[in-house]
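Down below is the structure, laid out as structure tokens.
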Amino acid sequence: MNKKENREPIDKVEKLKTALVKLKEAQKVFATYSQEQVDKIFLAAATAANKQRISLAKMAVEETGMGVVEDKVIKNHYAAEYIYNAYKHVKTCGVIEEDKAYGMKKIAEPIGVIAAVIPTTNPTSTAIFKTLIALKTRNGIILSPHPRAKRCTIEAAKIVLKAAVEAGAPEGIIDWIDIPSLEMTNFVMRASDLILATGGPGMVTSAYSSGKPAIGVGPGNTPAIIDESADILLAVNSIIHSKTFDNGMICASEQSVIVLDKIYKKVKEEFKNRGCHFLNKTDLDKVRKTIIINGALNAKIVGQSAYRIAELSGVTVPEGTKILIGEVESVELTEEFAYEKLSPVLAMYKAKDFSDAVDKAERLIADGGYGHTASIYLDPLTQQAKYDEFTARMKTCRILLNTPSSHGGIGDLYNFKLAPSLTLGCGSWGGNSVSDNVGVKHLLNIKTVAERRENMLWFRAPQKVYIKKGCLPVALDELKNVIGKKKAFIVTDQFLYNNGYTKPVTDKLDEMGIKHTTYYDVSPDPTLGCAKEGAKQMRSFEPDCIIAVGGGSAMDAAKIMWVMYEHPEADFMDMAMRFVDIRKRVYTFPKMGEKAYFIAVPTTAGTGSEVTPFAVITDETTGVKYPLADYELMPHMAIVDADMMMNAPRGLTAASGIDALTHAIEAYASMLATDYTDSLALGSMKIIFEYLPRAYDNGPNDPIAREKMANAATMAGMAFANAFLGVCHSMAHKLGAFHNLPHGIANALLINEVMKFNSVETPTKMGTFSQYDHPHTLARYAEIAEYLGLKGRTDEDKLENLIKYIDELKGKIGIKKTIRDYGVDEKAFLDSLDEMVDQAFDDQCTGANPRYPLMSEIKQMYLNAYYGTNKKV
Amino acid sequence: MKLDKVIAKRVDKTIYRYEGMAIKVFDENYSKANILNEALNHARVEETSLNIPKLIEVRMIDGKWAIVTEFIEGVTLAQMMEDNPEKYDEYLEFFVDLQMTTHAQRAPLLNKIKDKMHRKISETGLDATIRYELHTRLEGMPTHNKVCHGDFNPTNIIINNEGIPYILDWSHVTQGNASADVARTYLLFHLANEVENANKYLNLFCKKSDTARQYVQKWLPIVAASQSVKGKPEERDFLLRWVDVVEYE
């Protein structure tokens, strides 16, 4: 072997320090290599290790006095060939994954210098394995061999290094400690960037306490169950094959075999026939005392042949004996055979039934193999339930079926897709940071590069929106002629019912021969009780169509009844759960429309509920309001017929109309606003400013104004159904609820404050939404002003004029200036203020507001609106 | 001072009784530092709530260093065990309780047991591989701060005439993991050929202190190695058998 020039043996901490500096330098260079360069090095190194598999195996057995040369050849072969094969096409340098559409890419970077502790049981194969995966990932690696196996471990490292350097790797990219000691191992662990510790628990504990990220592995105590349904020939011979492999030194190797009573004899026969020796009672005791001393494994038996162990125990067995089997009963640690034995010594248990077998296996794993490997032999075609039970109950990170566990656990030999590895993670059960077979992915830092992307938005509206004064009967005609409905359930309030508002509907239904019934007990703030009552009636009437006639209350109540009718099991608390993004909400709203088609016929121009996916209901027993929002709640059909609104009283006209205006303003300022909602919002505002005073003044005598307002309200509804609202509505909801103000009035009293608040260019906090890139709501308000034809030199002027314009409108339709003007008692207001602030902050509408409000800011806005003061927020 | 009442004689020291005092006289070649350290350790333990003979002085007697402590009049627990075999279990329980009381003490300035064990392992003269295994094993053990007597056995417990127990001989005291102390006591039973009592003792301790047996057993290779440093030649084979074990790989 070509010894590397100028390399001083590392036998002192000082030399180790110097060596680490060099290794770090080499790794820095290596980190700049391309995938192509790395793959070339990886191939050359794997090939070189592969070529030396026999000489390394011989060295290992000679030096450690443990194991079997021929089996170590397989391990070396495996470590070179299987690792190469598994990772040859794996990208480990630079961009390894990219998704341009989503603006994401993953970049693999090396970790730096890896400290690798190499065990005596696999001194060359583990060295090959660890150095190869380090090369593939552009890491530097320093090996800390075990003193008992240092020569062969170092030789393996030299072979890999030489080939790697010849293929272009930086000089010294692999290094090793020549004279290992605990002090040096500890030092190297502290000085490295990552520790790959394979070794005893002491070593793993040291690794984890070094302060550096560590990948440690744990002990195994693999039980193998042989079920009645197993192929006994295959089971027994697999276990023998595995247990004798390298004299039992693979940690995944079977330590105990648990055989079902019914087949015990047969299994025993097969073991005997294949050269295994069953210990008699006296010999069993002798072997017990030899293999385990004070609960620890006797170093002298590790990796020895069955014959040699028998000899050490003073037991005579034929020279070619494969395994010493002790038939034992206890699975407790007082039984020496229940331990991990790292030699061809096997415990055999008789289980009275399958569940007893699993109990025993569970206990053996708890004894000393948490997280490692468990094995079972059964027929999966007929015994799926047993297979599932075993899989569920074993607290091990590898569960093998009908497989020799030594060969099975290390992966890729007797199975697919289990990563080939000589370092097997045991998860948290085994006190490890990884639970899978260690591979290149554990030696990389993956950078995820995520580019800013804007969220997809949407525009959703009822399937059908029918518009025109007098269109009601024409639209309803579809019930019979297009969609073939048979039974209609009408929801309305007493006033509308008594004043004949539902008559045009029922007349038309009668004419078409559609059966109908009417629920007319909806109160202004619809309650859960009323919704339940309505739903009850629906369940007995079983309508295939629901027609809501009225303002927001009747339409909301009808929506809730609809939910209860279709999904009596649904829980309101769940449905009312707040969300940040309606598309990512935790709760999946039940599918609507399977029983009944929903038609909304508004009788006021304001709420917009006929085209929105929202409904609010109050639990009258607790006073809690449930605001529901989901596109499932969207009516199927909206019929906007001004004939239904002609006689609305002036107060209602004013309150609904100004409500519609605030819908449009908030939807326009919302962070979720789109060109679609903008057009609707602007168009709606223009109509409202022009026609609301006329509708207010002239009432039934101005059908044009009524019709224009009907459209404006529905347009604003469509805008906010998709762009949502803002903090004005959050505050209005609570103000209305606490102090009994009509919803529209409450909004009117707060909108000026909110516009001033939102227009601040240096807000305390701006809203969180990808599209909203900087505070620009002032400009948005200015756009509204321009659209309405208002003048102004600056955006600030325009906002001021817009607010003035709104005030003028409010004046024209008799809306007072402050909350106090509406007779809200000052003390009552101040007493409820903090509660209102908390609830308004938490209102669903707050989320879309372009300025994220602090609670103190909401409070000040309330105070300004109450007193008519102008304190800046 | 006429020293003629010999209480005990060891290889390199003799203990005399003189007017209500116990006087431990060291040979001339005994390390002065070790003697002063022993006196200091003793003084530190005196500050705990344990009953131990008071340290009176450290002085030279005829050119030899001596540690002078109170003499406790009474009978050793070992003697009592021998005299009343039917009460053995009762005495053993008392013994374990007393050891647990000792473990409950804190003396933050005492030497650390892990430091001491690392040093002892290095001094064993065992081959490098075994020492490496032992050092690694020790390194992975939890570091506690309980007072560990280090030679806790029934001959070091004396019950005075009022029935109050005193613990003697604090030359090996350290602070650290109590299981190491227990492992050592267990080993001492074994070395005294009392295998059955050793197991009885260990089971009792584990039960009373809610400690897993394996947890104590993990210390056995270490305390056995440490014992081998100064141990008797005839014990060496026995100790090495305990030492040469491995952990999983």
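Identifiers in the structure tokens: chain A, B, ... in order shown; residue index from 1 per chain; ligand index from 1 in order shown.
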Please build the interface table for chain B against chain A with a cut-off of 10 Å, listing for each qualifying residue the nearest atom pair and the distance in Å to one decimal; count only C-alpha atoms, order rows by chain and increasing number, and write it as JSON lines.
```
{"residue": "B:Asp127", "atom": "CA", "partner": "A:Pro147", "partner_atom": "CA", "distance": 9.9}
{"residue": "B:Ala128", "atom": "CA", "partner": "A:Pro147", "partner_atom": "CA", "distance": 7.0}
{"residue": "B:Thr129", "atom": "CA", "partner": "A:Pro147", "partner_atom": "CA", "distance": 5.3}
{"residue": "B:Ile130", "atom": "CA", "partner": "A:Arg148", "partner_atom": "CA", "distance": 8.8}
{"residue": "B:Arg131", "atom": "CA", "partner": "A:Ser181", "partner_atom": "CA", "distance": 9.0}
{"residue": "B:Tyr132", "atom": "CA", "partner": "A:Ser181", "partner_atom": "CA", "distance": 6.3}
{"residue": "B:Glu133", "atom": "CA", "partner": "A:Gly202", "partner_atom": "CA", "distance": 8.7}
{"residue": "B:Leu134", "atom": "CA", "partner": "A:Gly202", "partner_atom": "CA", "distance": 9.2}
{"residue": "B:His135", "atom": "CA", "partner": "A:Leu182", "partner_atom": "CA", "distance": 6.5}
{"residue": "B:Thr136", "atom": "CA", "partner": "A:Gly202", "partner_atom": "CA", "distance": 5.3}
{"residue": "B:Arg137", "atom": "CA", "partner": "A:Gly202", "partner_atom": "CA", "distance": 4.7}
{"residue": "B:Leu138", "atom": "CA", "partner": "A:Gly202", "partner_atom": "CA", "distance": 7.1}
{"residue": "B:Glu139", "atom": "CA", "partner": "A:Gly202", "partner_atom": "CA", "distance": 6.2}
{"residue": "B:Gly140", "atom": "CA", "partner": "A:Gly202", "partner_atom": "CA", "distance": 4.0}
{"residue": "B:Met141", "atom": "CA", "partner": "A:Gly202", "partner_atom": "CA", "distance": 7.2}
{"residue": "B:Pro142", "atom": "CA", "partner": "A:Thr205", "partner_atom": "CA", "distance": 9.5}
{"residue": "B:Arg213", "atom": "CA", "partner": "A:Gly295", "partner_atom": "CA", "distance": 8.9}
{"residue": "B:Gln214", "atom": "CA", "partner": "A:Gly295", "partner_atom": "CA", "distance": 6.4}
{"residue": "B:Tyr215", "atom": "CA", "partner": "A:Gly295", "partner_atom": "CA", "distance": 9.6}
{"residue": "B:Val216", "atom": "CA", "partner": "A:Asn294", "partner_atom": "CA", "distance": 9.5}
{"residue": "B:Gln217", "atom": "CA", "partner": "A:Asn294", "partner_atom": "CA", "distance": 5.9}
{"residue": "B:Lys218", "atom": "CA", "partner": "A:Ala296", "partner_atom": "CA", "distance": 7.5}
{"residue": "B:Trp219", "atom": "CA", "partner": "A:Asn294", "partner_atom": "CA", "distance": 9.6}
{"residue": "B:Leu220", "atom": "CA", "partner": "A:Asn294", "partner_atom": "CA", "distance": 7.3}
{"residue": "B:Pro221", "atom": "CA", "partner": "A:Asn294", "partner_atom": "CA", "distance": 8.5}
{"residue": "B:Arg241", "atom": "CA", "partner": "A:Ile293", "partner_atom": "CA", "distance": 7.8}
{"residue": "B:Trp242", "atom": "CA", "partner": "A:Ile293", "partner_atom": "CA", "distance": 6.4}
{"residue": "B:Val243", "atom": "CA", "partner": "A:Asn298", "partner_atom": "CA", "distance": 8.9}
{"residue": "B:Asp244", "atom": "CA", "partner": "A:Ala299", "partner_atom": "CA", "distance": 5.6}
{"residue": "B:Val245", "atom": "CA", "partner": "A:Asn298", "partner_atom": "CA", "distance": 4.3}
{"residue": "B:Val246", "atom": "CA", "partner": "A:Ala299", "partner_atom": "CA", "distance": 5.2}
{"residue": "B:Glu247", "atom": "CA", "partner": "A:Gly200", "partner_atom": "CA", "distance": 5.1}
{"residue": "B:Tyr248", "atom": "CA", "partner": "A:Gly200", "partner_atom": "CA", "distance": 5.1}
{"residue": "B:Glu249", "atom": "CA", "partner": "A:Gly199", "partner_atom": "CA", "distance": 4.4}
```
Separating atom CA of Val358 of chain A from atom CA of Lys286 of chain A, to the nearest tenth of an Å, is a gap of 28.7 Å
Hey, what's within 12 Å of Asp574 of chain A if we count only C-alpha atoms and toss same-chain stuff fewer than 6 positions away? As a list in words, please?
Arg585, Val586, Tyr587, Thr588, Phe589, Pro590, Tyr626, Pro627, Leu628 and Ala629 of chain A
Could you pull out the residues in segment 21-237 of chain B that DSSP calls helix (DSSP H, G or I) from the backbone, as a ChimeraX atom specification?
/B:32-46,77-83,85-103,113-123,128-139,154-156,178-191,195-209,213-217,220-230,233-237
Which residues, written as a PyMOL selection string, have at least one atom at most 8 Å from Ile784 of chain A, with only C-alpha atoms counted and residues fewer than 3 positions away on the same chain left out?
chain A and resi 682+780-781+787-788+802
Calculate how many Å separate atom CA of Ala235 of chain A from atom CA of Ile410 of chain A, rounding to one decimal.
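Atom CA of Ile410 of chain A lies 18.5 Å from atom CA of Ala235 of chain A.
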Gln27 of chain A surroundings by only C-alpha atoms, 8 Å radius, close-in-sequence under 5 positions cut, as a ChimeraX atom specification
/A:112-113,138-140,170,173
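Using only C-alpha atoms for every distance, the candidate list B:Cys148, B:Met60, B:Lys230, B:Gly20 yields B:Cys148 as the residue closest to Gln105 of chain B.
Nearest-residue note for Gly163 of chain B: choosing from B:Val11, B:Val45, B:Leu77, B:Val6, the minimum distance belongs to B:Leu77, counting only C-alpha atoms.
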Please report the interatomic distance between atom CA of Asn849 of chain A and atom CA of Ala782 of chain A in Å with one decimal.
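Computing it gives 17.1 Å between the two atoms.
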Neighbours of Glu57 of chain B within 8 Å (only C-alpha atoms; same-chain residues fewer than 2 positions away dropped), as JSON, numbers by chain?
{"B": [55, 59, 67, 68, 69]}
